[in-house]
Amino acid sequence: MSKKEIVVSGIRPTGKLHLGNYFGAVVNFLKLQETHDCYFFIADYHSLTTHPDSVNLKQSIRHIMAEYLALGLDPTKCALYIQSDLPETAELYLLLNMFAYKGELERVSTFKEKVKTQPNNINAGLLTYPALMAADILIHQADLVPVGKDQEQHLEMTRDFAQRFNHTYQNEVLPLPQAFSFGDELVKVPGLTAQGKMSKSNSEKDAIYFTDEPKILRKKIMSAVTDSGPTEPNSKPSEGVQNIFELMRLVSNADVIEKFKKAHADCTIRYGDLKGQLADDVEQFVAPFREKIDYYYNNPEILNKVALSGQTKAKASARKTLDLVRGAAGLGL
């Protein structure tokens with residue numbers, strides 16, 4: 001039997017999950033856990049670069065864990081763990097820093113952006129973020145890493161650090177992981193404010209969260225950006241209106257979508273009805289998940305059991321890698 005490819009992916013506990021996270025990533029994680037050896041972790045170490053409130057951080061970690069379980073990640077099929085529960089990652093991070101050079105770290109686009117957005121908190125953790133990300137990936141000997149465009153540079157650096165380590169110690173200890181592409185299965189979910197893909201960084205009004213109560217959901221969707229209405233038959237929908245149709249494609253019946261597209265084409269569409277339909281369909285889709293999230297979040301014993309199980313699986317993998325790395329580098333007796 002051939003060995004399963006290893007997949008590693010992490011998420012920072014900086015907010016709750018929205019439809020974009022679900023259709024853009026989690027749906028594919030659900031498929032991967034059936035076919036690959038998967039390690040999914042909550043990246044709390046990474047969050048420390050912005051000095052979050054400790055109580056809020058702990059609540060966010062619990063919430064992401066509850067959401068992952070509610071959305072279908074199965075701890076019997078994957079390792080679902082918290083980054084800081086795996087100290088082996090921190091040790092590999094230290095070792096990889098020996099192969100990360102100041103100049104290249106300063107040229108990383110996300111670091112340069114942070115220099116502009118938080119000039120009073122340019123800490124070493126921000127500078128060496130790519131080394132910690134590399135440690136997260138290499139600690140499990142990952143073959144594949146699902147990454148967005150903004151993370152591709154970090155993955156290239158992961159391969160660079162691994163190659164330097166292997167070359168220095170004349171030992172092919174660390175793999176050279178590749179970006180995982182979902183190809184045609186990658187879904188880009190638009191936001192409600194017509195600023196591109198759904199993102200919590202745009203504004204609270206842009207994203208549809210699984211924990212949004214019905215009234216909040218409806219208010220957000222009814223406030224979504226549209227236009228003053230089509231003035232010519234068969235005219236192309238504006239970006240905001242097209243976004244509404246794209247969101248409906250994810251949660252609504254095909255005949256319902258077709259009805260509203262026809263109304264747009266013949267200039268009889270009423271955007272209040274369109275948004276109202278989307279609000280109804282989103283609530284129907286989200287409600288069961290919301291209930292499950294609430295259940296898991298309010299049952300910490302379940303979350304603790306899952307975290308411990310994930311830590312055990314992750315530690316077994318990490319120790320193998322760290323033993324090889326330490327041996328290659330000549331550490332210890």
# chains A, B, ... in the order shown; residues from 1 in each chain; ligands from 1
$ select_by_dssp --residues "stretch 115-261 of chain A" --states "strand (DSSP E)" --output "PyMOL selection string"
chain A and resi 144-146+178-180
$ closest_atom_pairs --of "stretch 37-57 of chain A" --to "stretch 85-105 of chain A" --cutoff "10 Å" --atoms "only C-alpha atoms" --output "Markdown table"
| residue | atom | partner | partner_atom | distance |
| --- | --- | --- | --- | --- |
| A:Phe41 | CA | A:Asp85 | CA | 9.9 |
| A:Ile42 | CA | A:Asp85 | CA | 9.9 |
| A:Asp44 | CA | A:Asp85 | CA | 9.6 |
| A:Tyr45 | CA | A:Ala90 | CA | 9.1 |
$ residues_around --residues "A:Pro237" --least-positions-apart "6" --cutoff "12 Å" --atoms "only C-alpha atoms" --output "list in words"
Thr226, Asp227, Ser228, Gly229, Pro230, Thr231, Asn243, Ile244, Phe245, Glu246, Phe260, Lys261, Lys262, Ala263, His264, Ala265, Asp266, Cys267, Ile269 and Tyr271 of chain A
$ write_last_selection --atoms "C-alpha atoms" --output "compact mmCIF listing (two decimals), in the first residue's frame"
# COMPACT_ATOMS: atom_id res chain seq x y z
CA THR A 226 -25.87 46.60 -5.39
CA ASP A 227 -26.82 49.41 -7.81
CA SER A 228 -29.85 51.43 -8.89
CA GLY A 229 -31.09 48.61 -11.12
CA PRO A 230 -30.65 47.58 -14.79
CA THR A 231 -31.78 50.13 -17.37
CA ASN A 243 -21.67 38.97 -5.98
CA ILE A 244 -25.22 38.37 -4.73
CA PHE A 245 -25.75 35.84 -7.52
CA GLU A 246 -22.40 34.17 -6.71
CA PHE A 260 -33.87 36.32 -10.43
CA LYS A 261 -31.39 36.28 -13.33
CA LYS A 262 -34.31 36.36 -15.75
CA ALA A 263 -35.84 39.27 -13.80
CA HIS A 264 -32.51 41.13 -14.07
CA ALA A 265 -32.35 40.44 -17.79
CA ASP A 266 -35.82 41.89 -18.42
CA CYS A 267 -35.28 44.80 -15.97
CA ILE A 269 -35.78 42.67 -10.71
CA TYR A 271 -33.11 43.97 -5.22
$ select_by_dssp --residues "stretch 39-280 of chain A" --states "helix (DSSP H, G or I)" --output "PyMOL selection string"
chain A and resi 44-50+54-71+83-85+87-97+102-106+109-117+124-127+129-138+149-168+183-185+214-222+239-251+254-265+271-280
$ write_last_selection --atoms "C-alpha atoms" --output "short mmCIF file (atom, residue, chain, number, x, y, z; two decimals), in the first residue's frame"
data_model
loop_
_atom_site.label_atom_id
_atom_site.label_comp_id
_atom_site.auth_asym_id
_atom_site.auth_seq_id
_atom_site.Cartn_x
_atom_site.Cartn_y
_atom_site.Cartn_z
CA ASP A 44 -1.70 30.65 18.38
CA TYR A 45 2.08 31.28 18.38
CA HIS A 46 1.64 33.35 15.22
CA SER A 47 -1.01 35.47 16.93
CA LEU A 48 1.44 36.60 19.60
CA THR A 49 3.22 38.90 17.14
CA THR A 50 0.37 41.38 17.61
CA SER A 54 -4.74 36.59 26.62
CA VAL A 55 -8.39 36.01 27.55
CA ASN A 56 -9.58 36.86 24.03
CA LEU A 57 -6.89 34.64 22.52
CA LYS A 58 -7.94 31.64 24.60
CA GLN A 59 -11.59 32.19 23.66
CA SER A 60 -10.66 32.49 19.98
CA ILE A 61 -8.70 29.24 20.10
CA ARG A 62 -11.69 27.47 21.63
CA HIS A 63 -14.00 29.00 19.03
CA ILE A 64 -11.92 27.94 16.04
CA MET A 65 -11.67 24.41 17.43
CA ALA A 66 -15.45 24.31 17.95
CA GLU A 67 -16.05 25.64 14.42
CA TYR A 68 -13.68 23.15 12.80
CA LEU A 69 -15.50 20.28 14.50
CA ALA A 70 -18.93 21.69 13.67
CA LEU A 71 -17.98 22.16 10.01
CA GLN A 83 0.29 24.99 17.69
CA SER A 84 1.58 25.82 21.18
CA ASP A 85 0.76 22.26 22.34
CA PRO A 87 6.92 22.47 21.58
CA GLU A 88 8.82 20.56 18.90
CA THR A 89 7.66 23.25 16.48
CA ALA A 90 9.38 25.93 18.58
CA GLU A 91 12.65 23.96 18.61
CA LEU A 92 12.62 23.48 14.84
CA TYR A 93 11.80 27.20 14.48
CA LEU A 94 14.94 28.00 16.47
CA LEU A 95 17.07 25.76 14.26
CA LEU A 96 15.61 27.10 11.00
CA ASN A 97 16.36 30.66 12.12
CA LYS A 102 18.14 39.16 7.69
CA GLY A 103 18.05 40.63 4.19
CA GLU A 104 15.60 38.12 2.76
CA LEU A 105 13.36 38.33 5.83
CA GLU A 106 13.17 42.11 5.52
CA SER A 109 6.02 41.48 1.41
CA THR A 110 3.89 40.71 4.48
CA PHE A 111 6.68 41.98 6.77
CA LYS A 112 6.98 45.22 4.79
CA GLU A 113 3.22 45.65 5.07
CA LYS A 114 3.36 45.16 8.86
CA VAL A 115 6.11 47.77 9.10
CA LYS A 116 3.65 50.26 7.61
CA THR A 117 0.52 49.17 9.51
CA ALA A 124 11.49 39.73 15.94
CA GLY A 125 8.51 37.39 15.67
CA LEU A 126 7.16 39.42 12.76
CA LEU A 127 10.55 39.38 11.06
CA TYR A 129 7.43 34.66 10.73
CA PRO A 130 8.55 32.70 7.62
CA ALA A 131 10.85 30.54 9.77
CA LEU A 132 8.01 29.67 12.14
CA MET A 133 5.72 28.91 9.22
CA ALA A 134 8.46 26.70 7.78
CA ALA A 135 8.75 24.87 11.11
CA ASP A 136 4.98 24.28 11.14
CA ILE A 137 5.23 22.66 7.72
CA LEU A 138 8.52 20.78 7.96
CA LYS A 149 -1.42 33.92 -3.14
CA ASP A 150 -0.22 35.94 -0.15
CA GLN A 151 1.48 32.87 1.37
CA GLU A 152 3.30 31.57 -1.71
CA GLN A 153 6.42 33.58 -0.87
CA HIS A 154 6.55 31.99 2.59
CA LEU A 155 6.32 28.51 1.08
CA GLU A 156 9.20 29.30 -1.29
CA MET A 157 11.21 30.35 1.76
CA THR A 158 10.30 27.09 3.51
CA ARG A 159 11.89 25.20 0.63
CA ASP A 160 14.92 27.51 0.74
CA PHE A 161 15.47 26.90 4.47
CA ALA A 162 15.06 23.14 4.00
CA GLN A 163 17.53 23.09 1.10
CA ARG A 164 20.10 25.09 3.08
CA PHE A 165 19.78 22.77 6.04
CA ASN A 166 20.10 19.67 3.85
CA HIS A 167 23.07 21.12 1.97
CA THR A 168 24.89 22.25 5.12
CA GLY A 183 -7.72 23.73 -9.24
CA ASP A 184 -11.30 24.01 -10.50
CA GLU A 185 -12.52 23.09 -7.01
CA PRO A 214 -30.57 35.55 12.03
CA LYS A 215 -31.26 39.27 12.56
CA ILE A 216 -27.60 40.18 12.05
CA LEU A 217 -27.36 38.00 8.95
CA ARG A 218 -30.43 39.58 7.39
CA LYS A 219 -29.26 43.10 8.21
CA LYS A 220 -25.86 42.48 6.62
CA ILE A 221 -27.30 40.94 3.48
CA MET A 222 -30.01 43.59 3.06
CA GLU A 239 -20.05 43.75 -9.36
CA GLY A 240 -22.22 44.00 -6.27
CA VAL A 241 -25.22 42.36 -7.94
CA GLN A 242 -23.04 39.66 -9.46
CA ASN A 243 -21.67 38.97 -5.98
CA ILE A 244 -25.22 38.37 -4.73
CA PHE A 245 -25.75 35.84 -7.52
CA GLU A 246 -22.40 34.17 -6.71
CA LEU A 247 -23.41 33.82 -3.06
CA MET A 248 -26.79 32.41 -4.08
CA ARG A 249 -24.99 29.84 -6.21
CA LEU A 250 -23.53 28.44 -2.98
CA VAL A 251 -26.71 28.24 -0.91
CA ALA A 254 -30.84 26.63 -9.22
CA ASP A 255 -34.43 27.46 -10.22
CA VAL A 256 -34.53 30.32 -7.70
CA ILE A 257 -31.32 31.78 -9.09
CA GLU A 258 -32.61 31.44 -12.63
CA LYS A 259 -35.80 33.30 -11.71
CA PHE A 260 -33.87 36.32 -10.43
CA LYS A 261 -31.39 36.28 -13.33
CA LYS A 262 -34.31 36.36 -15.75
CA ALA A 263 -35.84 39.27 -13.80
CA HIS A 264 -32.51 41.13 -14.07
CA ALA A 265 -32.35 40.44 -17.79
CA TYR A 271 -33.11 43.97 -5.22
CA GLY A 272 -34.97 43.86 -1.91
CA ASP A 273 -36.54 40.56 -3.00
CA LEU A 274 -33.19 39.27 -4.26
CA LYS A 275 -31.42 40.05 -0.99
CA GLY A 276 -34.34 38.75 1.05
CA GLN A 277 -34.15 35.43 -0.78
CA LEU A 278 -30.39 35.24 -0.18
CA ALA A 279 -30.93 36.01 3.52
CA ASP A 280 -33.48 33.19 3.82
#
$ closest_residue --among "A:Arg107, A:Lys236, A:Lys200, A:Lys315" --to "A:Gly20" --atoms "only C-alpha atoms"
A:Lys200
$ residues_around --residues "A:Lys313" --least-positions-apart "4" --cutoff "8 Å" --atoms "only C-alpha atoms" --output "PyMOL selection string"
chain A and resi 79+309+317
$ atom_distance --atom1 "atom CA of A:Tyr22" --atom2 "atom CA of A:Glu283"
15.0 Å
$ closest_residue --among "A:Ala194, A:Ser201, A:Pro175, A:Ala316" --to "A:Ala224" --atoms "only C-alpha atoms"
A:Ala194
